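Asks: Quick one, input_27.txt (compact mmCIF, C-alpha atoms):
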```txt
# COMPACT_ATOMS: atom_id res chain seq x y z
CA MET N 1 19.45 5.36 -40.10
CA THR N 2 19.12 2.29 -37.86
CA PRO N 3 16.07 2.61 -35.63
CA THR N 4 16.20 1.94 -31.89
CA ILE N 5 13.36 0.17 -30.13
CA THR N 6 12.81 -0.35 -26.43
CA ALA N 7 12.03 -3.65 -24.69
CA PHE N 8 11.70 -4.91 -21.12
CA GLU N 9 14.95 -5.34 -19.23
CA GLN N 10 13.15 -8.18 -17.42
CA SER N 11 10.15 -9.33 -19.39
CA PRO N 12 7.28 -10.68 -17.25
CA ASP N 13 6.77 -13.43 -19.85
CA ARG N 14 10.31 -14.81 -19.29
CA GLY N 15 11.14 -14.60 -23.00
CA ARG N 16 8.09 -16.38 -24.39
CA GLY N 17 7.59 -13.68 -27.01
CA LEU N 18 4.41 -12.26 -25.46
CA ALA N 19 5.77 -8.76 -24.77
CA ARG N 20 4.85 -6.21 -27.40
CA ASP N 21 8.38 -5.60 -28.60
CA MET N 22 8.02 -9.05 -30.24
CA ARG N 23 5.60 -7.56 -32.79
CA VAL N 24 8.04 -4.84 -33.75
CA ARG N 25 11.05 -7.18 -33.83
CA TRP N 26 9.11 -9.57 -36.09
CA ALA N 27 8.07 -6.78 -38.46
CA LEU N 28 11.64 -5.48 -38.68
CA GLU N 29 12.89 -9.01 -39.42
CA GLU N 30 10.24 -9.50 -42.13
CA ALA N 31 11.41 -6.22 -43.63
CA GLY N 32 15.07 -7.23 -43.34
CA GLN N 33 15.87 -4.09 -41.37
CA PRO N 34 18.59 -3.99 -38.73
CA TYR N 35 17.69 -2.31 -35.45
CA ALA N 36 19.11 -1.50 -32.06
CA VAL N 37 17.45 -2.40 -28.76
CA ARG N 38 17.53 -0.36 -25.57
CA LEU N 39 16.34 -2.28 -22.53
CA VAL N 40 14.38 -0.41 -19.87
CA SER N 41 13.48 -1.37 -16.32
CA PHE N 42 9.99 -1.02 -14.88
CA SER N 43 11.06 1.97 -12.82
CA GLU N 44 12.71 3.67 -15.82
CA MET N 45 9.51 3.22 -17.84
CA LYS N 46 7.63 5.55 -15.52
CA LYS N 47 10.30 8.28 -15.43
CA PRO N 48 10.19 11.52 -17.44
CA ALA N 49 12.79 10.48 -20.03
CA HIS N 50 10.78 7.42 -21.08
CA LEU N 51 7.40 9.15 -20.66
CA ALA N 52 8.60 11.75 -23.17
CA LEU N 53 8.86 8.90 -25.69
CA HIS N 54 5.83 6.94 -24.49
CA PRO N 55 3.13 8.90 -22.64
CA PHE N 56 1.67 5.68 -21.20
CA GLY N 57 5.02 4.46 -19.82
CA GLN N 58 5.18 1.22 -21.75
CA ILE N 59 7.31 -0.57 -24.32
CA PRO N 60 7.99 -0.69 -27.22
CA THR N 61 9.01 2.68 -28.52
CA TYR N 62 10.65 3.38 -31.87
CA GLU N 63 13.20 6.11 -32.53
CA GLU N 64 14.58 6.90 -35.95
CA GLY N 65 16.33 10.20 -36.49
CA GLY N 66 13.95 12.91 -35.34
CA LEU N 67 10.95 10.59 -35.21
CA ALA N 68 9.73 8.96 -31.99
CA LEU N 69 6.75 6.57 -32.07
CA PHE N 70 4.99 4.34 -29.57
CA GLU N 71 2.18 1.74 -29.76
CA SER N 72 3.20 -1.57 -31.29
CA GLY N 73 0.43 -1.40 -33.91
CA ALA N 74 1.52 2.03 -35.11
CA ILE N 75 5.18 1.02 -35.22
CA VAL N 76 4.42 -2.15 -37.19
CA PHE N 77 2.38 -0.05 -39.60
CA HIS N 78 5.21 2.48 -39.94
CA ILE N 79 7.61 -0.34 -40.85
CA ALA N 80 5.06 -1.96 -43.18
CA GLU N 81 4.51 1.28 -45.08
CA ARG N 82 8.21 1.78 -45.72
CA HIS N 83 9.39 -1.71 -46.62
CA PRO N 84 8.03 -4.45 -48.88
CA GLY N 85 6.64 -7.68 -47.49
CA LEU N 86 4.07 -6.60 -44.93
CA LEU N 87 1.34 -4.90 -46.97
CA PRO N 88 0.04 -5.74 -50.46
CA ASP N 89 0.81 -3.27 -53.25
CA ALA N 90 -2.76 -3.18 -54.59
CA ALA N 91 -4.87 -0.48 -52.90
CA ASN N 92 -7.83 -2.67 -51.94
CA GLY N 93 -5.69 -5.51 -50.62
CA ARG N 94 -3.64 -2.99 -48.66
CA ALA N 95 -6.79 -1.51 -47.09
CA ARG N 96 -8.00 -4.98 -46.13
CA ALA N 97 -4.66 -5.87 -44.53
CA ILE N 98 -4.82 -2.66 -42.48
CA THR N 99 -8.37 -3.63 -41.46
CA TRP N 100 -7.01 -6.87 -40.03
CA MET N 101 -4.37 -4.91 -38.11
CA PHE N 102 -7.09 -2.91 -36.37
CA ALA N 103 -9.29 -6.01 -35.94
CA ALA N 104 -6.44 -7.85 -34.20
CA LEU N 105 -5.82 -5.01 -31.76
CA ASN N 106 -9.29 -3.57 -31.21
CA THR N 107 -11.66 -6.55 -31.59
CA VAL N 108 -9.75 -9.77 -30.88
CA GLU N 109 -7.16 -8.64 -28.33
CA PRO N 110 -9.43 -6.88 -25.78
CA PRO N 111 -11.28 -9.99 -24.51
CA ILE N 112 -8.01 -11.96 -24.54
CA LEU N 113 -6.22 -9.25 -22.57
CA ASP N 114 -9.19 -8.97 -20.22
CA ARG N 115 -8.95 -12.65 -19.44
CA GLY N 116 -5.20 -12.33 -18.98
CA ILE N 117 -5.58 -9.41 -16.55
CA ALA N 118 -8.13 -11.38 -14.51
CA MET N 119 -5.83 -14.43 -14.40
CA ILE N 120 -3.08 -12.27 -12.89
CA LEU N 121 -4.94 -9.76 -10.72
CA GLU N 122 -8.13 -11.55 -9.72
CA HIS N 123 -7.21 -15.23 -9.43
CA ASP N 124 -7.36 -15.02 -5.63
CA LYS N 125 -10.62 -13.07 -5.50
CA PRO N 126 -13.79 -14.77 -4.28
CA TRP N 127 -15.55 -14.11 -7.61
CA PHE N 128 -12.80 -15.48 -9.86
CA GLU N 129 -14.36 -18.92 -10.32
CA ALA N 130 -17.71 -17.39 -11.26
CA ARG N 131 -16.24 -14.84 -13.69
CA LEU N 132 -13.76 -17.05 -15.54
CA PRO N 133 -16.38 -18.90 -17.64
CA VAL N 134 -17.81 -15.53 -18.71
CA LEU N 135 -14.37 -14.29 -19.73
CA ASP N 136 -13.67 -17.55 -21.55
CA GLU N 137 -16.94 -17.28 -23.44
CA ARG N 138 -16.16 -13.74 -24.61
CA VAL N 139 -12.86 -15.02 -26.00
CA ARG N 140 -14.59 -18.02 -27.63
CA VAL N 141 -17.06 -15.77 -29.44
CA ARG N 142 -14.21 -13.91 -31.13
CA LEU N 143 -12.17 -17.04 -31.82
CA GLY N 144 -15.21 -18.73 -33.37
CA GLU N 145 -15.83 -15.77 -35.67
CA LEU N 146 -12.17 -15.55 -36.62
CA SER N 147 -12.00 -19.31 -37.22
CA ARG N 148 -15.04 -19.19 -39.52
CA ARG N 149 -13.54 -16.35 -41.54
CA LEU N 150 -10.11 -17.97 -41.85
CA GLY N 151 -11.58 -21.33 -42.91
CA ALA N 152 -8.97 -23.40 -44.72
CA ALA N 153 -6.87 -20.43 -45.83
CA ASP N 154 -3.28 -19.94 -44.78
CA TRP N 155 -3.67 -16.23 -43.98
CA LEU N 156 -6.56 -13.85 -43.34
CA ASP N 157 -6.50 -12.16 -46.74
CA ASP N 158 -4.47 -13.83 -49.46
CA ALA N 159 -0.73 -13.41 -48.68
CA PHE N 160 0.83 -12.96 -45.23
CA SER N 161 0.57 -9.34 -44.08
CA ALA N 162 1.03 -7.09 -41.07
CA GLY N 163 -2.57 -8.00 -40.21
CA ASP N 164 -1.55 -11.64 -39.80
CA LEU N 165 1.56 -10.62 -37.89
CA LEU N 166 -0.50 -8.76 -35.30
CA MET N 167 -3.26 -11.39 -35.18
CA VAL N 168 -0.78 -14.20 -34.54
CA THR N 169 0.83 -12.26 -31.68
CA VAL N 170 -2.62 -11.56 -30.21
CA LEU N 171 -3.63 -15.24 -30.38
CA ARG N 172 -0.33 -16.28 -28.81
CA ARG N 173 -1.41 -14.44 -25.66
CA LEU N 174 -3.72 -17.44 -25.08
CA SER N 175 -0.74 -19.78 -24.80
CA GLY N 176 -1.34 -20.30 -21.08
CA SER N 177 -4.85 -21.70 -21.74
CA THR N 178 -6.42 -24.42 -23.87
CA LEU N 179 -8.98 -22.10 -25.49
CA LEU N 180 -7.19 -21.90 -28.81
CA ASP N 181 -7.06 -25.70 -29.07
CA GLU N 182 -10.83 -25.69 -29.67
CA TYR N 183 -10.14 -24.11 -33.08
CA PRO N 184 -7.68 -26.32 -35.01
CA ASN N 185 -7.45 -23.97 -37.98
CA LEU N 186 -6.37 -21.14 -35.65
CA VAL N 187 -3.77 -23.42 -34.05
CA GLY N 188 -2.40 -24.10 -37.55
CA TYR N 189 -2.52 -20.39 -38.36
CA VAL N 190 -0.44 -19.48 -35.31
CA ALA N 191 1.99 -22.31 -36.11
CA ARG N 192 2.43 -20.98 -39.66
CA GLY N 193 3.28 -17.58 -38.21
CA GLU N 194 5.74 -19.05 -35.74
CA ALA N 195 7.40 -21.07 -38.50
CA ARG N 196 8.39 -17.99 -40.49
CA PRO N 197 12.15 -17.40 -40.39
CA ALA N 198 11.61 -13.74 -39.47
CA TYR N 199 9.47 -14.78 -36.51
CA GLN N 200 12.11 -17.24 -35.36
CA ARG N 201 14.90 -14.67 -35.52
CA ALA N 202 12.79 -12.17 -33.57
CA PHE N 203 11.81 -14.78 -31.00
CA ALA N 204 15.42 -15.87 -30.47
CA ASP N 205 16.49 -12.27 -29.98
CA GLN N 206 13.89 -11.46 -27.35
CA LEU N 207 14.59 -14.78 -25.59
CA ALA N 208 18.30 -13.98 -25.54
CA VAL N 209 17.56 -10.85 -23.50
CA PHE N 210 15.99 -13.04 -20.85
CA THR N 211 18.44 -15.92 -20.86
CA ALA N 212 21.51 -13.70 -20.98
CA GLY N 213 20.15 -11.58 -18.15
CA ASP N 214 22.48 -8.98 -19.55
CA ALA N 215 20.74 -5.63 -19.74
CA SER N 216 23.46 -4.05 -21.79
CA ARG N 217 22.85 -5.71 -25.13
CA GLY N 218 20.36 -7.46 -27.41
CA ARG N 219 21.45 -9.23 -30.61
CA ASN N 220 21.33 -6.02 -32.56
CA GLY N 221 21.93 -3.50 -29.83
CA MET J 1 -18.36 6.52 -55.99
CA THR J 2 -20.38 7.26 -52.85
CA PRO J 3 -19.48 4.81 -50.08
CA THR J 4 -22.12 3.03 -48.01
CA ILE J 5 -21.66 2.48 -44.30
CA THR J 6 -23.74 0.41 -41.91
CA ALA J 7 -25.15 1.56 -38.57
CA PHE J 8 -27.50 0.18 -35.93
CA GLU J 9 -31.18 0.22 -36.84
CA GLN J 10 -31.79 0.68 -33.12
CA SER J 11 -28.66 1.94 -31.40
CA PRO J 12 -28.30 0.85 -27.77
CA ASP J 13 -27.03 4.35 -26.93
CA ARG J 14 -30.31 5.96 -28.07
CA GLY J 15 -28.52 8.34 -30.43
CA ARG J 16 -25.89 9.69 -28.03
CA GLY J 17 -23.15 9.19 -30.62
CA LEU J 18 -21.44 6.34 -28.77
CA ALA J 19 -21.92 3.69 -31.46
CA ARG J 20 -18.91 3.19 -33.69
CA ASP J 21 -20.56 4.45 -36.86
CA MET J 22 -20.18 7.91 -35.26
CA ARG J 23 -16.41 7.74 -35.83
CA VAL J 24 -16.84 7.00 -39.51
CA ARG J 25 -19.59 9.59 -40.00
CA TRP J 26 -17.41 12.22 -38.33
CA ALA J 27 -14.40 11.35 -40.50
CA LEU J 28 -16.50 11.50 -43.66
CA GLU J 29 -17.89 14.88 -42.62
CA GLU J 30 -14.37 16.21 -41.88
CA ALA J 31 -13.40 15.04 -45.36
CA GLY J 32 -16.51 16.59 -46.90
CA GLN J 33 -17.51 13.27 -48.44
CA PRO J 34 -21.13 12.28 -49.00
CA TYR J 35 -22.10 8.77 -47.97
CA ALA J 36 -25.07 6.44 -47.79
CA VAL J 37 -26.18 4.62 -44.66
CA ARG J 38 -27.70 1.17 -44.50
CA LEU J 39 -29.28 0.38 -41.15
CA VAL J 40 -29.04 -3.18 -39.84
CA SER J 41 -30.90 -4.92 -37.04
CA PHE J 42 -29.17 -7.01 -34.38
CA SER J 43 -30.46 -10.20 -35.97
CA GLU J 44 -29.29 -9.15 -39.45
CA MET J 45 -25.81 -8.43 -38.07
CA LYS J 46 -25.30 -12.09 -37.25
CA LYS J 47 -26.56 -13.43 -40.60
CA PRO J 48 -24.33 -14.61 -43.47
CA ALA J 49 -24.86 -11.53 -45.67
CA HIS J 50 -23.56 -9.17 -42.98
CA LEU J 51 -20.92 -11.60 -41.73
CA ALA J 52 -19.50 -11.64 -45.25
CA LEU J 53 -18.86 -7.91 -44.81
CA HIS J 54 -17.94 -8.02 -41.12
CA PRO J 55 -16.63 -11.33 -39.78
CA PHE J 56 -17.35 -10.25 -36.19
CA GLY J 57 -20.97 -9.32 -36.92
CA GLN J 58 -20.74 -5.67 -35.89
CA ILE J 59 -21.15 -2.20 -37.33
CA PRO J 60 -19.82 -0.13 -39.01
CA THR J 61 -18.83 -1.55 -42.36
CA TYR J 62 -17.72 0.48 -45.39
CA GLU J 63 -18.42 -0.46 -48.99
CA GLU J 64 -17.05 1.47 -51.93
CA GLY J 65 -17.10 -0.16 -55.36
CA GLY J 66 -15.36 -3.51 -55.00
CA LEU J 67 -13.89 -2.69 -51.60
CA ALA J 68 -15.48 -3.81 -48.32
CA LEU J 69 -13.90 -2.80 -45.01
CA PHE J 70 -14.81 -3.20 -41.34
CA GLU J 71 -13.34 -1.89 -38.03
CA SER J 72 -14.00 1.77 -37.33
CA GLY J 73 -10.29 2.53 -36.90
CA ALA J 74 -9.41 1.02 -40.27
CA ILE J 75 -12.27 2.82 -42.01
CA VAL J 76 -11.31 6.17 -40.47
CA PHE J 77 -7.74 5.57 -41.61
CA HIS J 78 -8.91 4.69 -45.11
CA ILE J 79 -10.83 7.97 -45.31
CA ALA J 80 -7.94 9.92 -43.75
CA GLU J 81 -5.46 8.57 -46.30
CA ARG J 82 -7.61 9.61 -49.25
CA HIS J 83 -8.83 13.06 -48.27
CA PRO J 84 -7.14 16.10 -46.74
CA GLY J 85 -7.89 17.25 -43.20
CA LEU J 86 -7.35 14.16 -41.07
CA LEU J 87 -3.62 13.45 -41.35
CA PRO J 88 -0.69 15.87 -41.62
CA ASP J 89 1.16 15.99 -44.93
CA ALA J 90 4.62 15.81 -43.34
CA ALA J 91 5.81 12.22 -42.90
CA ASN J 92 6.77 12.43 -39.21
CA GLY J 93 3.60 14.26 -38.20
CA ARG J 94 1.56 11.75 -40.15
CA ALA J 95 3.26 8.83 -38.36
CA ARG J 96 2.60 10.47 -34.98
CA ALA J 97 -1.08 11.03 -35.81
CA ILE J 98 -1.39 7.35 -36.75
CA THR J 99 0.28 6.48 -33.44
CA TRP J 100 -2.50 8.35 -31.62
CA MET J 101 -5.09 6.41 -33.62
CA PHE J 102 -3.68 3.14 -32.34
CA ALA J 103 -3.19 4.56 -28.82
CA ALA J 104 -6.85 5.59 -28.67
CA LEU J 105 -8.09 2.16 -29.70
CA ASN J 106 -5.52 -0.17 -28.15
CA THR J 107 -4.37 1.63 -24.96
CA VAL J 108 -7.07 4.07 -23.85
CA GLU J 109 -10.25 2.34 -25.02
CA PRO J 110 -9.75 -1.15 -23.50
CA PRO J 111 -10.05 -0.14 -19.80
CA ILE J 112 -12.93 2.21 -20.66
CA LEU J 113 -14.74 -0.52 -22.57
CA ASP J 114 -14.01 -2.99 -19.79
CA ARG J 115 -15.67 -0.71 -17.29
CA GLY J 116 -18.60 -0.22 -19.65
CA ILE J 117 -19.07 -3.98 -20.10
CA ALA J 118 -19.05 -4.48 -16.32
CA MET J 119 -21.61 -1.68 -15.84
CA ILE J 120 -23.97 -3.47 -18.22
CA LEU J 121 -23.31 -7.16 -17.61
CA GLU J 122 -22.12 -7.32 -14.00
CA HIS J 123 -23.98 -4.55 -12.17
CA ASP J 124 -26.23 -7.11 -10.47
CA LYS J 125 -23.42 -9.49 -9.54
CA PRO J 126 -22.36 -9.83 -5.90
CA TRP J 127 -18.80 -8.74 -6.75
CA PHE J 128 -19.71 -5.60 -8.67
CA GLU J 129 -19.21 -3.19 -5.75
CA ALA J 130 -15.79 -4.62 -5.02
CA ARG J 131 -14.62 -4.60 -8.64
CA LEU J 132 -15.83 -1.17 -9.71
CA PRO J 133 -13.10 0.80 -7.88
CA VAL J 134 -10.49 -1.42 -9.55
CA LEU J 135 -12.00 -0.77 -12.97
CA ASP J 136 -12.22 2.95 -12.24
CA GLU J 137 -8.58 3.05 -11.20
CA ARG J 138 -7.46 1.38 -14.43
CA VAL J 139 -9.31 4.07 -16.37
CA ARG J 140 -7.84 6.82 -14.17
CA VAL J 141 -4.30 5.63 -14.84
CA ARG J 142 -4.79 6.07 -18.59
CA LEU J 143 -6.68 9.35 -18.24
CA GLY J 144 -3.95 10.74 -15.99
CA GLU J 145 -1.24 9.82 -18.49
CA LEU J 146 -3.23 11.25 -21.38
CA SER J 147 -3.98 14.43 -19.44
CA ARG J 148 -0.30 14.95 -18.65
CA ARG J 149 0.66 14.51 -22.30
CA LEU J 150 -2.07 16.81 -23.61
CA GLY J 151 -1.23 19.56 -21.10
CA ALA J 152 -2.54 22.91 -22.29
CA ALA J 153 -2.55 21.96 -25.98
CA ASP J 154 -5.69 21.91 -28.09
CA TRP J 155 -4.92 18.59 -29.75
CA LEU J 156 -2.59 15.66 -29.11
CA ASP J 157 -0.03 16.54 -31.76
CA ASP J 158 -0.22 19.99 -33.27
CA ALA J 159 -3.32 20.22 -35.54
CA PHE J 160 -6.53 18.16 -35.21
CA SER J 161 -6.08 14.71 -36.76
CA ALA J 162 -7.72 11.31 -37.06
CA GLY J 163 -5.89 10.49 -33.82
CA ASP J 164 -7.88 13.17 -32.01
CA LEU J 165 -11.07 12.08 -33.73
CA LEU J 166 -10.71 8.54 -32.39
CA MET J 167 -9.49 9.66 -28.95
CA VAL J 168 -12.45 12.01 -28.48
CA THR J 169 -14.91 9.23 -29.39
CA VAL J 170 -13.14 6.88 -26.95
CA LEU J 171 -13.30 9.43 -24.10
CA ARG J 172 -16.97 10.10 -24.82
CA ARG J 173 -17.69 6.49 -23.82
CA LEU J 174 -17.17 7.74 -20.23
CA SER J 175 -20.15 10.09 -20.54
CA GLY J 176 -22.21 8.00 -18.11
CA SER J 177 -19.62 8.50 -15.33
CA THR J 178 -17.86 11.40 -13.63
CA LEU J 179 -14.36 10.00 -14.20
CA LEU J 180 -13.49 12.40 -17.00
CA ASP J 181 -14.45 15.40 -14.83
CA GLU J 182 -11.34 14.75 -12.74
CA TYR J 183 -9.25 15.89 -15.73
CA PRO J 184 -10.39 19.37 -16.80
CA ASN J 185 -8.06 19.55 -19.78
CA LEU J 186 -9.55 16.32 -21.13
CA VAL J 187 -13.07 17.70 -20.63
CA GLY J 188 -12.03 20.73 -22.69
CA TYR J 189 -10.43 18.47 -25.29
CA VAL J 190 -13.62 16.46 -25.78
CA ALA J 191 -15.65 19.69 -25.93
CA ARG J 192 -13.35 21.02 -28.68
CA GLY J 193 -13.97 17.86 -30.66
CA GLU J 194 -17.73 18.08 -30.15
CA ALA J 195 -17.72 21.73 -31.23
CA ARG J 196 -16.36 20.97 -34.68
CA PRO J 197 -18.99 21.48 -37.38
CA ALA J 198 -18.20 18.06 -38.88
CA TYR J 199 -18.80 16.41 -35.50
CA GLN J 200 -22.10 18.22 -35.12
CA ARG J 201 -23.34 17.17 -38.55
CA ALA J 202 -22.37 13.56 -37.87
CA PHE J 203 -23.98 13.63 -34.43
CA ALA J 204 -27.23 15.08 -35.80
CA ASP J 205 -27.36 12.41 -38.50
CA GLN J 206 -26.92 9.47 -36.12
CA LEU J 207 -29.42 11.02 -33.70
CA ALA J 208 -31.93 11.40 -36.51
CA VAL J 209 -31.86 7.64 -37.06
CA PHE J 210 -32.96 7.18 -33.46
CA THR J 211 -35.52 9.99 -33.23
CA ALA J 212 -37.08 9.25 -36.60
CA GLY J 213 -37.28 5.57 -35.77
CA ASP J 214 -37.36 5.24 -39.52
CA ALA J 215 -35.10 2.43 -40.59
CA SER J 216 -35.32 3.28 -44.26
CA ARG J 217 -33.17 6.41 -44.37
CA GLY J 218 -30.38 8.44 -42.76
CA ARG J 219 -29.63 12.00 -43.82
CA ASN J 220 -27.47 10.78 -46.66
CA GLY J 221 -28.99 7.40 -47.34
```
As a first step, turn the structure in this file into structure tokens.
Replies:
Amino acid sequence: MTPTITAFEQSPDRGRGLARDMRVRWALEEAGQPYAVRLVSFSEMKKPAHLALHPFGQIPTYEEGGLALFESGAIVFHIAERHPGLLPDAANGRARAITWMFAALNTVEPPILDRGIAMILEHDKPWFEARLPVLDERVRVRLGELSRRLGAADWLDDAFSAGDLLMVTVLRRLSGSTLLDEYPNLVGYVARGEARPAYQRAFADQLAVFTAGDASRGRNG
Amino acid sequence: MTPTITAFEQSPDRGRGLARDMRVRWALEEAGQPYAVRLVSFSEMKKPAHLALHPFGQIPTYEEGGLALFESGAIVFHIAERHPGLLPDAANGRARAITWMFAALNTVEPPILDRGIAMILEHDKPWFEARLPVLDERVRVRLGELSRRLGAADWLDDAFSAGDLLMVTVLRRLSGSTLLDEYPNLVGYVARGEARPAYQRAFADQLAVFTAGDASRGRNG
């Protein structure tokens, strides 16, 4: 059964791959799984039909037969559990890859998202100039720790995994700033993620939604 | 093999169960698994030996034979996968419970943590009074959505799961405010979590670390 995911009809990132459907598209491409895309508008996202799928009124969602999931991390994990290529077979390596999934979303993303929210909602507030260095520093602390752990390795734990997939998408949220440039090994890490053929297919598909401006179809949908 | 977790030698919450080892203790108690506790000081947490276990210099960690994990969500999942009681057996129910784990940590916790960080680090800043209502409103949006989804149910998806365990610990981070009181069904939900015998054992054990002020032992360690 081909799953159906949801994505923004008009993504605020203008197709730069920062919306969270990108994570799910990338995982499905790594797994070689076809999928359908249903585009939703901002007003539809807050209506009962979508809230029944996603209680927080966001994208992406994932529907497959009688199963409906939300949360990009959970959907990526669901895909990773069912198809080869996103989690190691060995139990300990698998547990470590899952650890990196949670670390990406619960330790590295929050200060990055925080900074992003302030850039959008507080840039015209009188305190913005005073707060921005504090927000930047919180991001730097996490980037420094991540950079030290990654070192000269290609991926966070041996082979590419769903943990790297999520971490790369989290780090890409800094693309509007120069913070990542202070950590050359993280810049290389993100570039390695972006160079993967599955990433490139997923990116092209989400960009096509924006450039086509045609709400009725994605590449697969 | 009995696993060893780490916890704060001196928890900033003074034993109110808000530190993230509480999640892991609770999961281990639900699973009926004995464990050892190693207490670490704030200075130890940033030293190479601990950073080798936890690249972000935090607690908890989880060591079991040759396996070392970090991130409370990942550790709870690891326990839930290996012992009955924290994830449904049926595949779809299991996937939904995992979805709630990610929702707790990646959708509900960030605005709550954000507010908590501001309460600690920005309460003496000139902009604090102006920002607090904005932070409160971001929390209210998520609580309102969660409250609507929970409705009159006991747990988020049928039986108690690791998703509820994490969500209850996330909501408890609001215990210093009255925000949760605006959502009576969420107050009842947290109370149901706190009433579980496994929760109470875990809570007593983390409190004992604080009241004993004895860094050399927890109940199990």
Asks: Extract, using all atoms listed in the file, all DNA, RNA and protein residues at most 7 Å from Thr6 in chain J, discarding same-chain residues fewer than 5 positions from it, and format them as a list in words.
Replies: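 Contacts, with the query itself left out: Val37, Arg38, Leu39, Val40, Ile59, Pro60, Thr61 and Tyr62 of chain J.
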Asks: Leu28 in chain N: which residues within 10 Å, counting only C-alpha atoms, same-chain residues fewer than 2 positions away excluded, as JSON, numbers by chain?
Replies: {"N": [3, 22, 23, 24, 25, 26, 30, 31, 32, 33, 34, 35, 75, 76, 79, 80, 83, 86, 198, 199, 202]}
Asks: Set out as JSON lines a contact list for chain N and chain J with a cut-off of 9 Å, giving each residue of chain N that qualifies its closest atom pair and distance in Å to one decimal, counting only C-alpha atoms, ordered by chain and rising residue number.
Replies:
```
{"residue": "N:Leu51", "atom": "CA", "partner": "J:Arg149", "partner_atom": "CA", "distance": 8.8}
{"residue": "N:Ala52", "atom": "CA", "partner": "J:Arg149", "partner_atom": "CA", "distance": 8.5}
{"residue": "N:Pro55", "atom": "CA", "partner": "J:Glu145", "partner_atom": "CA", "distance": 6.1}
{"residue": "N:Phe56", "atom": "CA", "partner": "J:Glu145", "partner_atom": "CA", "distance": 5.7}
{"residue": "N:Gly57", "atom": "CA", "partner": "J:Glu145", "partner_atom": "CA", "distance": 8.3}
{"residue": "N:Gly66", "atom": "CA", "partner": "J:Asn92", "partner_atom": "CA", "distance": 8.2}
{"residue": "N:Leu67", "atom": "CA", "partner": "J:Asn92", "partner_atom": "CA", "distance": 6.1}
{"residue": "N:Ala68", "atom": "CA", "partner": "J:Arg96", "partner_atom": "CA", "distance": 7.9}
{"residue": "N:Leu69", "atom": "CA", "partner": "J:Arg96", "partner_atom": "CA", "distance": 6.4}
{"residue": "N:Phe70", "atom": "CA", "partner": "J:Thr99", "partner_atom": "CA", "distance": 6.5}
{"residue": "N:Glu71", "atom": "CA", "partner": "J:Ala103", "partner_atom": "CA", "distance": 6.1}
{"residue": "N:Ser72", "atom": "CA", "partner": "J:Phe102", "partner_atom": "CA", "distance": 8.4}
{"residue": "N:Gly73", "atom": "CA", "partner": "J:Phe102", "partner_atom": "CA", "distance": 6.3}
{"residue": "N:Ala74", "atom": "CA", "partner": "J:Thr99", "partner_atom": "CA", "distance": 4.9}
{"residue": "N:Ile75", "atom": "CA", "partner": "J:Thr99", "partner_atom": "CA", "distance": 7.5}
{"residue": "N:Phe77", "atom": "CA", "partner": "J:Ile98", "partner_atom": "CA", "distance": 8.8}
{"residue": "N:His78", "atom": "CA", "partner": "J:Ala95", "partner_atom": "CA", "distance": 6.8}
{"residue": "N:Asn92", "atom": "CA", "partner": "J:Leu67", "partner_atom": "CA", "distance": 6.1}
{"residue": "N:Gly93", "atom": "CA", "partner": "J:Leu67", "partner_atom": "CA", "distance": 8.7}
{"residue": "N:Ala95", "atom": "CA", "partner": "J:His78", "partner_atom": "CA", "distance": 6.8}
{"residue": "N:Arg96", "atom": "CA", "partner": "J:Leu69", "partner_atom": "CA", "distance": 6.4}
{"residue": "N:Ile98", "atom": "CA", "partner": "J:Ala74", "partner_atom": "CA", "distance": 6.3}
{"residue": "N:Thr99", "atom": "CA", "partner": "J:Ala74", "partner_atom": "CA", "distance": 4.9}
{"residue": "N:Trp100", "atom": "CA", "partner": "J:Ala74", "partner_atom": "CA", "distance": 8.3}
{"residue": "N:Met101", "atom": "CA", "partner": "J:Ala74", "partner_atom": "CA", "distance": 8.1}
{"residue": "N:Phe102", "atom": "CA", "partner": "J:Ala74", "partner_atom": "CA", "distance": 6.0}
{"residue": "N:Ala103", "atom": "CA", "partner": "J:Glu71", "partner_atom": "CA", "distance": 6.1}
{"residue": "N:Leu105", "atom": "CA", "partner": "J:Asn106", "partner_atom": "CA", "distance": 6.0}
{"residue": "N:Asn106", "atom": "CA", "partner": "J:Asn106", "partner_atom": "CA", "distance": 5.9}
{"residue": "N:Thr107", "atom": "CA", "partner": "J:Glu71", "partner_atom": "CA", "distance": 8.1}
{"residue": "N:Glu109", "atom": "CA", "partner": "J:Asn106", "partner_atom": "CA", "distance": 8.6}
{"residue": "N:Pro110", "atom": "CA", "partner": "J:Pro110", "partner_atom": "CA", "distance": 6.2}
{"residue": "N:Pro111", "atom": "CA", "partner": "J:Asp114", "partner_atom": "CA", "distance": 8.9}
{"residue": "N:Leu113", "atom": "CA", "partner": "J:Pro110", "partner_atom": "CA", "distance": 8.9}
{"residue": "N:Asp114", "atom": "CA", "partner": "J:Asp114", "partner_atom": "CA", "distance": 7.7}
{"residue": "N:Pro126", "atom": "CA", "partner": "J:Trp127", "partner_atom": "CA", "distance": 8.2}
{"residue": "N:Trp127", "atom": "CA", "partner": "J:Trp127", "partner_atom": "CA", "distance": 6.3}
{"residue": "N:Val141", "atom": "CA", "partner": "J:Phe56", "partner_atom": "CA", "distance": 8.7}
{"residue": "N:Arg142", "atom": "CA", "partner": "J:Phe56", "partner_atom": "CA", "distance": 7.0}
{"residue": "N:Glu145", "atom": "CA", "partner": "J:Phe56", "partner_atom": "CA", "distance": 5.7}
{"residue": "N:Leu146", "atom": "CA", "partner": "J:Pro55", "partner_atom": "CA", "distance": 6.9}
{"residue": "N:Arg148", "atom": "CA", "partner": "J:Pro55", "partner_atom": "CA", "distance": 8.0}
{"residue": "N:Arg149", "atom": "CA", "partner": "J:Pro55", "partner_atom": "CA", "distance": 6.2}
```
